[in-house]
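Visitor: As input, take coords-v3.tsv (TSV, C-alpha atoms):
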chain	number	residue	atom	x	y	z
A	18	MET	CA	-188.54	-55.66	16.71
A	19	PHE	CA	-188.23	-52.48	18.77
A	20	ASN	CA	-185.15	-50.36	18.10
A	21	LYS	CA	-183.66	-49.63	21.53
A	22	GLU	CA	-181.70	-46.68	20.13
A	23	LEU	CA	-184.99	-44.77	20.12
A	24	LEU	CA	-184.79	-44.69	23.93
A	25	ASN	CA	-182.04	-42.10	23.50
A	26	TYR	CA	-184.60	-39.66	22.05
A	27	ILE	CA	-188.15	-40.47	23.12
A	28	VAL	CA	-189.79	-39.51	26.41
A	29	CYS	CA	-193.11	-40.16	28.11
A	30	PRO	CA	-195.46	-37.50	26.68
A	31	ILE	CA	-196.96	-36.99	30.17
A	32	SER	CA	-193.94	-36.87	32.47
A	33	ARG	CA	-191.43	-35.81	29.76
A	34	LYS	CA	-189.07	-38.31	31.42
A	35	PRO	CA	-187.16	-41.18	29.72
A	36	LEU	CA	-188.95	-44.48	29.10
A	37	THR	CA	-187.83	-47.99	29.96
A	38	TYR	CA	-188.13	-50.90	27.54
A	39	ASP	CA	-189.79	-54.05	28.92
A	40	GLU	CA	-188.36	-56.78	26.69
A	41	ILE	CA	-190.59	-59.53	28.07
A	42	ASN	CA	-193.84	-57.70	27.35
A	43	ASP	CA	-192.40	-55.71	24.40
A	44	CYS	CA	-193.67	-52.39	25.66
A	45	LEU	CA	-192.38	-49.10	27.07
A	46	ILE	CA	-192.86	-48.10	30.68
A	47	SER	CA	-193.04	-44.66	32.24
A	48	LYS	CA	-192.04	-45.37	35.83
A	49	GLU	CA	-193.04	-41.97	37.20
A	50	PHE	CA	-196.71	-42.54	36.42
A	51	ASN	CA	-196.80	-46.39	36.14
A	52	ILE	CA	-197.91	-46.15	32.54
A	53	VAL	CA	-197.27	-48.63	29.74
A	54	TYR	CA	-197.03	-47.67	26.09
A	55	PRO	CA	-197.63	-50.57	23.66
A	56	ILE	CA	-195.38	-51.40	20.72
A	57	ILE	CA	-197.16	-52.53	17.55
A	58	ASN	CA	-195.28	-53.74	14.48
A	59	GLY	CA	-192.10	-52.51	16.15
A	60	ILE	CA	-193.56	-48.99	16.38
A	61	PRO	CA	-193.97	-47.55	19.89
A	62	ASN	CA	-197.38	-45.99	20.46
A	63	LEU	CA	-196.90	-42.89	22.62
A	64	ILE	CA	-200.45	-41.62	22.33
A	65	ILE	CA	-201.55	-40.68	25.83
A	66	ASN	CA	-205.15	-41.86	25.46
A	67	GLU	CA	-204.00	-45.30	24.32
A	68	SER	CA	-201.54	-45.86	27.16
A	69	ILE	CA	-202.19	-48.47	29.83
A	70	LYS	CA	-202.08	-47.94	33.57
A	71	ILE	CA	-200.10	-50.52	35.55
A	72	ASN	CA	-201.52	-51.61	38.90
A	73	ASN	CA	-199.86	-54.13	41.25
A	74	GLY	CA	-197.80	-55.63	38.49
A	75	GLU	CA	-200.76	-56.26	36.24
A	76	LEU	CA	-201.70	-54.34	33.13
A	77	ILE	CA	-205.01	-52.57	33.57
A	78	LYS	CA	-206.27	-50.27	30.84
B	18	MET	CA	-204.02	-36.72	14.74
B	19	SER	CA	-206.58	-35.85	12.13
B	20	LYS	CA	-209.70	-34.29	13.56
B	21	TYR	CA	-211.70	-35.02	10.43
B	22	GLU	CA	-210.16	-37.78	8.30
B	23	SER	CA	-209.63	-41.51	8.86
B	24	TYR	CA	-206.04	-41.81	7.82
B	25	ASP	CA	-205.87	-45.54	8.60
B	26	GLU	CA	-208.38	-45.93	5.76
B	27	ILE	CA	-206.96	-43.22	3.49
B	28	SER	CA	-203.44	-44.70	3.75
B	29	LYS	CA	-204.57	-47.36	1.26
B	30	ASN	CA	-205.05	-44.78	-1.52
B	31	TYR	CA	-202.85	-41.91	-0.39
B	32	ASP	CA	-199.74	-42.76	-2.39
B	33	LYS	CA	-201.66	-43.18	-5.63
B	34	THR	CA	-201.80	-39.41	-6.05
B	35	ARG	CA	-199.43	-37.88	-3.49
B	36	SER	CA	-195.65	-37.45	-3.60
B	37	ALA	CA	-192.99	-35.38	-1.84
B	38	VAL	CA	-193.72	-32.10	-3.62
B	39	GLY	CA	-191.37	-29.33	-2.52
B	40	ILE	CA	-188.73	-31.76	-1.22
B	41	GLU	CA	-186.10	-29.63	-2.98
B	42	ILE	CA	-187.05	-26.72	-0.71
B	43	VAL	CA	-186.76	-28.95	2.37
B	44	LEU	CA	-183.37	-30.23	1.28
B	45	GLY	CA	-182.20	-26.72	0.40
B	46	TYR	CA	-182.92	-25.44	3.89
B	47	ILE	CA	-181.49	-28.54	5.56
B	48	LEU	CA	-178.27	-27.94	3.65
B	49	THR	CA	-177.95	-24.62	5.49
B	50	ILE	CA	-177.32	-26.57	8.70
B	51	PRO	CA	-173.54	-26.35	9.27
B	52	GLU	CA	-173.11	-29.97	10.41
B	53	LYS	CA	-172.56	-32.83	7.97
B	54	LEU	CA	-175.76	-34.57	6.85
B	55	GLN	CA	-174.42	-37.81	8.32
B	56	ASP	CA	-174.33	-36.19	11.76
B	57	ILE	CA	-177.71	-34.47	11.93
B	58	LYS	CA	-181.04	-35.73	13.24
B	59	VAL	CA	-184.32	-34.84	11.54
B	60	LEU	CA	-187.90	-35.45	12.68
B	61	ASP	CA	-190.69	-35.84	10.14
B	62	ALA	CA	-193.69	-34.78	12.26
B	63	GLY	CA	-196.85	-36.05	10.59
B	64	CYS	CA	-194.88	-38.26	8.21
B	65	GLY	CA	-197.93	-39.94	6.65
B	66	THR	CA	-196.76	-42.72	4.35
B	67	GLY	CA	-193.18	-41.47	4.59
B	68	ASN	CA	-192.79	-39.84	1.18
B	69	TYR	CA	-190.68	-36.96	2.49
B	70	ALA	CA	-188.72	-39.03	5.01
B	71	LEU	CA	-187.89	-41.54	2.29
B	72	HIS	CA	-186.20	-38.80	0.23
B	73	LEU	CA	-184.39	-37.45	3.28
B	74	LYS	CA	-183.15	-40.92	4.21
B	75	GLU	CA	-181.22	-41.03	0.93
B	76	TRP	CA	-179.01	-38.26	2.31
B	77	ILE	CA	-179.51	-38.28	6.06
B	78	PRO	CA	-179.11	-41.54	8.02
B	79	ASP	CA	-180.98	-40.31	11.09
B	80	VAL	CA	-184.56	-39.41	10.18
B	81	ILE	CA	-187.30	-40.23	12.69
B	82	SER	CA	-190.84	-40.61	11.34
B	83	ALA	CA	-193.80	-39.71	13.56
B	84	ASP	CA	-197.51	-39.89	12.85
B	85	PHE	CA	-200.82	-40.45	14.63
B	86	SER	CA	-202.06	-43.12	12.22
B	87	GLN	CA	-200.85	-46.72	12.61
B	88	GLY	CA	-202.00	-47.36	9.02
B	89	MET	CA	-199.84	-44.56	7.65
B	90	LEU	CA	-196.86	-45.69	9.74
B	91	ASN	CA	-197.22	-49.32	8.64
B	92	THR	CA	-197.24	-48.15	5.00
B	93	ALA	CA	-194.18	-45.95	5.62
B	94	LYS	CA	-192.32	-48.81	7.31
B	95	GLU	CA	-192.96	-51.13	4.36
B	96	LYS	CA	-191.89	-48.40	1.94
B	97	TYR	CA	-188.60	-47.78	3.74
B	98	GLU	CA	-187.83	-51.50	3.69
B	99	LEU	CA	-188.72	-51.72	0.01
B	100	HIS	CA	-186.19	-48.97	-0.69
B	101	ASN	CA	-183.52	-50.54	1.55
B	102	GLN	CA	-183.75	-47.74	4.08
B	103	LYS	CA	-183.74	-47.97	7.85
B	104	ASN	CA	-187.28	-48.80	9.00
B	105	ASP	CA	-187.06	-49.20	12.76
B	106	ASP	CA	-187.22	-45.48	13.58
B	107	LEU	CA	-190.96	-44.76	13.47
B	108	ILE	CA	-193.01	-43.43	16.38
B	109	ARG	CA	-196.77	-43.31	16.75
B	110	CYS	CA	-197.71	-40.14	18.62
B	111	ASP	CA	-199.78	-37.00	18.69
B	112	ILE	CA	-197.39	-34.41	17.29
B	113	SER	CA	-199.03	-31.83	19.58
B	114	ASP	CA	-197.27	-33.69	22.40
B	115	LEU	CA	-193.94	-34.40	20.56
B	116	PRO	CA	-192.60	-37.05	22.98
B	117	PHE	CA	-188.90	-36.33	22.46
B	118	LYS	CA	-186.08	-35.08	24.62
B	119	ASP	CA	-185.18	-31.38	24.57
B	120	ASN	CA	-182.48	-30.15	22.14
B	121	CYS	CA	-182.69	-33.36	20.15
B	122	PHE	CA	-183.25	-32.45	16.49
B	123	ASP	CA	-181.42	-30.30	13.95
B	124	ALA	CA	-184.61	-29.96	11.90
B	125	ILE	CA	-188.30	-30.79	12.12
B	126	ILE	CA	-190.33	-31.03	8.94
B	127	CYS	CA	-194.10	-30.89	9.03
B	128	ASN	CA	-195.75	-31.41	5.67
B	129	GLN	CA	-199.47	-30.73	5.25
B	130	SER	CA	-200.18	-31.89	8.77
B	131	LEU	CA	-201.00	-28.83	10.88
B	132	HIS	CA	-204.59	-28.65	9.65
B	133	HIS	CA	-205.30	-32.05	11.15
B	134	LEU	CA	-204.43	-30.94	14.68
B	135	ASP	CA	-207.37	-28.79	15.78
B	136	GLU	CA	-211.12	-28.81	15.71
B	137	GLU	CA	-212.76	-25.70	14.30
B	138	ASP	CA	-212.89	-22.59	16.50
B	139	THR	CA	-210.47	-23.86	19.13
B	140	ASP	CA	-208.00	-21.02	18.68
B	141	PHE	CA	-205.43	-23.42	17.18
B	142	LYS	CA	-204.55	-24.67	20.67
B	143	ASN	CA	-202.93	-27.89	19.40
B	144	HIS	CA	-200.94	-25.90	16.84
B	145	GLN	CA	-199.61	-23.86	19.75
B	146	LYS	CA	-198.75	-27.01	21.73
B	147	PHE	CA	-196.86	-28.31	18.70
B	148	PHE	CA	-194.89	-25.07	18.26
B	149	ALA	CA	-194.02	-24.97	21.98
B	150	HIS	CA	-192.77	-28.57	21.94
B	151	ALA	CA	-191.02	-28.13	18.60
B	152	PHE	CA	-189.09	-25.20	20.01
B	153	LYS	CA	-187.96	-27.30	22.96
B	154	VAL	CA	-186.95	-30.44	21.05
B	155	LEU	CA	-185.01	-28.49	18.41
B	156	LYS	CA	-181.37	-27.73	19.00
B	157	THR	CA	-180.29	-24.08	19.01
B	158	ASN	CA	-180.43	-22.80	15.40
B	159	GLY	CA	-182.55	-25.84	14.51
B	160	LEU	CA	-185.08	-25.49	11.69
B	161	LEU	CA	-188.84	-25.93	11.76
B	162	ILE	CA	-189.90	-26.44	8.15
B	163	ILE	CA	-193.67	-26.27	7.68
B	164	ASN	CA	-195.50	-27.09	4.46
B	165	THR	CA	-199.01	-25.63	4.51
B	166	ILE	CA	-201.68	-23.96	2.36
B	167	THR	CA	-202.67	-20.29	2.60
B	168	HIS	CA	-206.33	-19.27	2.51
B	169	GLU	CA	-205.78	-17.77	-0.94
B	170	GLN	CA	-204.35	-21.08	-2.12
B	171	LEU	CA	-207.30	-22.97	-0.63
B	172	GLU	CA	-209.57	-20.94	-2.91
B	173	ASP	CA	-207.56	-20.77	-6.10
B	174	GLY	CA	-204.75	-23.33	-5.79
B	175	VAL	CA	-206.79	-26.07	-7.48
B	176	TRP	CA	-209.04	-25.71	-10.51
B	177	TRP	CA	-211.96	-27.28	-8.62
B	178	GLY	CA	-211.63	-24.87	-5.67
B	179	LYS	CA	-214.67	-22.78	-6.62
B	180	LEU	CA	-216.79	-25.89	-7.15
B	181	ILE	CA	-216.08	-27.18	-3.64
B	182	LYS	CA	-216.65	-23.83	-1.90
B	183	PRO	CA	-218.45	-25.38	1.15
B	184	ALA	CA	-215.36	-27.53	1.82
B	185	VAL	CA	-213.00	-24.61	1.22
B	186	ASP	CA	-214.93	-22.49	3.73
B	187	ARG	CA	-214.68	-25.31	6.28
B	188	MET	CA	-210.99	-25.80	5.50
B	189	LYS	CA	-210.29	-22.13	6.19
B	190	LYS	CA	-211.31	-22.78	9.79
B	191	ARG	CA	-208.76	-25.62	10.04
B	192	PHE	CA	-205.87	-24.02	8.14
B	193	ILE	CA	-204.23	-21.29	10.15
B	194	SER	CA	-203.56	-18.24	7.97
B	195	ASP	CA	-199.95	-17.64	7.05
B	196	VAL	CA	-199.99	-14.33	8.94
B	197	CYS	CA	-201.29	-15.98	12.15
B	198	LEU	CA	-198.85	-18.84	11.71
B	199	ILE	CA	-195.88	-16.50	11.50
B	200	ASN	CA	-197.16	-14.51	14.49
B	201	LEU	CA	-197.47	-17.70	16.55
B	202	LEU	CA	-193.99	-18.86	15.58
B	203	ASN	CA	-192.64	-15.51	16.73
B	204	LYS	CA	-194.63	-15.82	19.96
B	205	PHE	CA	-193.01	-19.18	20.72
B	206	GLY	CA	-189.51	-17.83	20.16
B	207	PHE	CA	-188.75	-18.74	16.56
B	208	ARG	CA	-186.84	-16.23	14.43
B	209	SER	CA	-185.58	-15.68	10.89
B	210	ILE	CA	-188.90	-16.80	9.44
B	211	ASP	CA	-189.03	-17.29	5.67
B	212	LYS	CA	-191.98	-17.95	3.37
B	213	VAL	CA	-191.42	-19.81	0.10
B	214	VAL	CA	-194.18	-20.30	-2.50
B	215	PRO	CA	-193.36	-22.72	-5.35
B	216	THR	CA	-195.86	-21.61	-7.98
B	217	SER	CA	-194.90	-24.21	-10.58
B	218	THR	CA	-195.41	-27.31	-8.43
B	219	ILE	CA	-198.66	-29.28	-8.45
B	220	ILE	CA	-199.45	-31.47	-5.42
B	221	GLN	CA	-201.51	-34.13	-7.24
B	222	GLU	CA	-199.71	-33.77	-10.55
B	223	LYS	CA	-200.75	-37.16	-11.91
B	224	GLY	CA	-204.29	-36.69	-13.17
B	225	TYR	CA	-204.57	-33.04	-12.08
B	226	PHE	CA	-205.68	-31.76	-15.50
B	227	ASP	CA	-207.85	-34.81	-16.21
B	228	PRO	CA	-211.45	-33.66	-15.61
B	229	ASN	CA	-212.47	-37.24	-14.85
B	230	SER	CA	-210.02	-37.57	-11.94
B	231	LEU	CA	-212.47	-36.19	-9.42
B	232	ASN	CA	-214.91	-38.96	-10.26
B	233	LYS	CA	-212.36	-41.38	-8.76
B	234	LYS	CA	-212.35	-41.86	-4.98
B	235	GLU	CA	-208.64	-42.72	-4.95
B	236	PHE	CA	-207.87	-39.30	-6.47
B	237	ARG	CA	-210.20	-37.49	-4.06
B	238	ASP	CA	-208.55	-39.33	-1.14
B	239	GLY	CA	-205.39	-37.38	-1.98
B	240	ASP	CA	-207.12	-34.08	-1.26
B	241	SER	CA	-208.38	-33.52	2.30
B	242	HIS	CA	-211.03	-31.05	1.10
B	243	PHE	CA	-213.31	-33.78	-0.14
B	244	SER	CA	-213.71	-35.36	3.29
B	245	LEU	CA	-215.38	-32.11	4.38
B	246	LEU	CA	-218.12	-32.29	1.75
B	247	THR	CA	-221.43	-33.94	2.56
B	248	SER	CA	-222.45	-36.69	0.15
B	249	ASP	CA	-225.07	-34.33	-1.35
B	250	GLU	CA	-222.45	-31.62	-1.80
B	251	LEU	CA	-220.04	-34.09	-3.38
B	252	ASN	CA	-222.72	-35.31	-5.79
B	253	ASN	CA	-223.47	-31.71	-6.68
B	254	VAL	CA	-219.78	-31.04	-7.41
B	255	LEU	CA	-219.49	-34.12	-9.59
B	256	ASN	CA	-222.70	-33.23	-11.42
B	257	GLN	CA	-221.36	-29.74	-12.18
B	258	ILE	CA	-218.09	-31.18	-13.51
B	259	ASN	CA	-219.87	-33.79	-15.62
B	260	THR	CA	-222.15	-31.07	-17.03
B	261	LEU	CA	-219.10	-29.00	-17.99
B	262	ILE	CA	-217.64	-32.11	-19.64
B	263	SER	CA	-220.77	-32.96	-21.59
B	264	ASN	CA	-221.16	-29.32	-22.69
B	265	GLY	CA	-217.58	-29.26	-23.96
B	266	GLU	CA	-216.72	-26.43	-21.58
B	267	ILE	CA	-214.42	-28.22	-19.17
B	268	LYS	CA	-211.08	-27.41	-20.85
B	269	GLU	CA	-211.83	-23.69	-20.93
B	270	TYR	CA	-212.96	-23.85	-17.29
B	271	ILE	CA	-209.81	-25.66	-16.13
B	272	ASP	CA	-207.54	-23.37	-18.17
B	273	SER	CA	-209.08	-20.20	-16.77
B	274	ARG	CA	-208.94	-21.50	-13.20
B	275	ASP	CA	-205.36	-22.70	-13.68
B	276	LEU	CA	-204.21	-19.16	-14.43
B	277	LEU	CA	-205.02	-18.37	-10.80
B	278	ARG	CA	-203.15	-21.49	-9.63
B	279	GLN	CA	-200.09	-20.37	-11.55
B	280	LYS	CA	-200.27	-17.02	-9.75
B	281	VAL	CA	-200.87	-18.11	-6.14
B	282	GLY	CA	-199.40	-21.63	-6.12
B	283	GLN	CA	-200.85	-24.62	-4.32
B	284	PHE	CA	-198.86	-24.58	-1.09
B	285	CYS	CA	-196.16	-22.72	0.72
B	286	TYR	CA	-193.31	-23.41	3.06
B	287	ILE	CA	-192.84	-21.46	6.25
B	288	ILE	CA	-189.34	-21.97	7.63
B	289	ALA	CA	-188.40	-20.81	11.12
B	290	ARG	CA	-185.22	-21.07	13.12
B	291	LYS	CA	-184.84	-21.63	16.87
As structure tokens - that is how I would like this structure written.

Guide:
Amino acid sequence: MFNKELLNYIVCPISRKPLTYDEINDCLISKEFNIVYPIINGIPNLIINESIKINNGELIK
Amino acid sequence: MSKYESYDEISKNYDKTRSAVGIEIVLGYILTIPEKLQDIKVLDAGCGTGNYALHLKEWIPDVISADFSQGMLNTAKEKYELHNQKNDDLIRCDISDLPFKDNCFDAIICNQSLHHLDEEDTDFKNHQKFFAHAFKVLKTNGLLIINTITHEQLEDGVWWGKLIKPAVDRMKKRFISDVCLINLLNKFGFRSIDKVVPTSTIIQEKGYFDPNSLNKKEFRDGDSHFSLLTSDELNNVLNQINTLISNGEIKEYIDSRDLLRQKVGQFCYIIARK
């Protein structure tokens, strides 16, 4: 389970802007660049090279 | 992010020989922060299996753990739960990018992690990215507490240092010298930089003086040097040690080498303030 309090501290490593939590897909979204960061075992993965680009509402790596 | 070790694999053996050596130095400096421990926020950058963060969590409720390795983080998360500590505050990231808001932390600790950031001969570019981001995410007067190994300690900080000279020479290209480190910290705006060398502390204390320890992979997994030896070089090292053992010369060898360890120590802390 992702701890939403972390949103008070973490940012997108590319845009340096706050992230949004997508509860349905259990992932973090950087709206500025349409990038998704996965959450594994409740641990957000903010590694740039492992992020996923969003295109037209679908997740495309 | 380690540029030369698979920490997802090493996480399985890491805690068998490694502990939070020097935690008293970390705590001592953190106690210089004027705010109450209950009110401060600390980042463990390169937390590994969470040995340091686990100690800090006993005193400080708000400790964030960050590491590149999912395996290390999974181990840390289980460990925190086992010790009834908060375990939903871990972040997987490249600490060169430190994905945190500005002016967020009262202290950042970075234990034996800097040498994993850069490839050889890259002018420590990722170190510099880390220092730049660390400066930003620290609050004013915040502390950056770095645990590292000097080049002198790489050579003489362990009794087997001379035997693994090829690895030590390669390590020297990955470990920034303490002089360069301090210069870089100054360059990025840090001040009041201290250096502390605990000469009586041994990193892999359990089994350190046992000459047979190096024959065990789980012991070698606790020392990054060994991942930089080729299999031929490793076999050569083990053959030399086993020859010293069979000749009855190993105790004298370890004792003489350990005199140097007692003089230079095995690691040092560099503490800088924003």

Visitor: Tell me which of A:Tyr38, A:Val28, A:Ile65, A:Glu22 sits closest to chain B, counting only C-alpha atoms.

Guide: A:Val28

Visitor: Determine the nearest neighbour of Ile81 of chain B from the options A:Ile31, A:Ile52, A:Leu36, A:Ile60, counting all atoms listed in the file.

Guide: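 Using all atoms listed in the file, the shortest distance to Ile81 of chain B belongs to A:Ile60.
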
Visitor: Rounded to one decimal, what separation in Å do you get between atom CA of Leu99 of chain B and atom CA of Leu71 of chain B?

Guide: 10.5 Å

Visitor: Nearest to Leu155 of chain B among A:Tyr26, A:Asn20, A:Asn62, A:Ser32, with distances taken over all atoms listed in the file: which residue is it?

Guide: A:Tyr26

Visitor: Taking all atoms listed in the file into account and nothing else, which residues of chain A lie no more than 10 Å away from chain B? Please answer as a ChimeraX atom specification.

Guide: /A:18-35,56-67

Visitor: So which residues touch Gln129 of chain B within 10 Å, counting all atoms listed in the file, skipping near sequence neighbours fewer than 3 positions away, as a list in words?

Guide: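 Near neighbours after the sequence-gap exclusion: Ala62, Gly63, Cys64, Gly65, Ile126, His132, His133, Ile163, Asn164, Thr165, Ile166, Phe192, Ser241, Phe284, Cys285 and Tyr286 of chain B.
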
Visitor: Between B:Leu73, B:Ile50, B:Ile42, B:Lys182, which residue has the minimum interatomic distance to Lys156 of chain B, considering only C-alpha atoms?

Guide: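 Result for the nearest residue to Lys156 of chain B: B:Ile50.
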
Visitor: For Val185 of chain B, list every protein, DNA or RNA residue within 7 Å, evaluated using only C-alpha atoms, and leave out those in the same chain fewer than 6 positions away; present the list as a list in words.

Guide: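 My reading of the contact set: Leu171, Glu172 and His242 of chain B.
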
Visitor: Could you jot down the atom CA of Phe205 of chain B to atom CA of Cys127 of chain B separation for me, Å, one decimal place?

Guide: 16.6 Å

Visitor: Atom CA of Gly224 of chain B to atom CA of Glu98 of chain B: how many Å, to one decimal?

Guide: 27.8 Å

Visitor: Around segment 52-57 of chain A, with edges along x, y and z and 8 Å added on all six sides, what centre and edge lengths do you get, in Å to one decimal, as lines of an AutoDock Vina configuration file?

Guide:
center_x = -196.6
center_y = -49.3
center_z = 25.0
size_x = 18.5
size_y = 22.4
size_z = 31.0

Visitor: Contacts of Asn51 of chain A at 9 Å or less, counting only C-alpha atoms, minus same-chain residues fewer than 3 places along, as a PyMOL selection string?

Guide: chain A and resi 46-48+69-72

Visitor: Would you mind listing what lies within 9 Å of Val175 of chain B as a VMD selection string, with all atoms listed in the file counted and same-chain residues fewer than 5 positions away left out?

Guide: chain B and resid 170 219 225 274 to 275 277 to 278 282 to 283

Visitor: Could you dump the residues just selected with C-alpha atoms as a compact mmCIF listing (two decimals), in the coordinates of the input?

Guide:
# COMPACT_ATOMS: atom_id res chain seq x y z
CA GLN B 170 -204.35 -21.08 -2.12
CA ILE B 219 -198.66 -29.28 -8.45
CA TYR B 225 -204.57 -33.04 -12.08
CA ARG B 274 -208.94 -21.50 -13.20
CA ASP B 275 -205.36 -22.70 -13.68
CA LEU B 277 -205.02 -18.37 -10.80
CA ARG B 278 -203.15 -21.49 -9.63
CA GLY B 282 -199.40 -21.63 -6.12
CA GLN B 283 -200.85 -24.62 -4.32
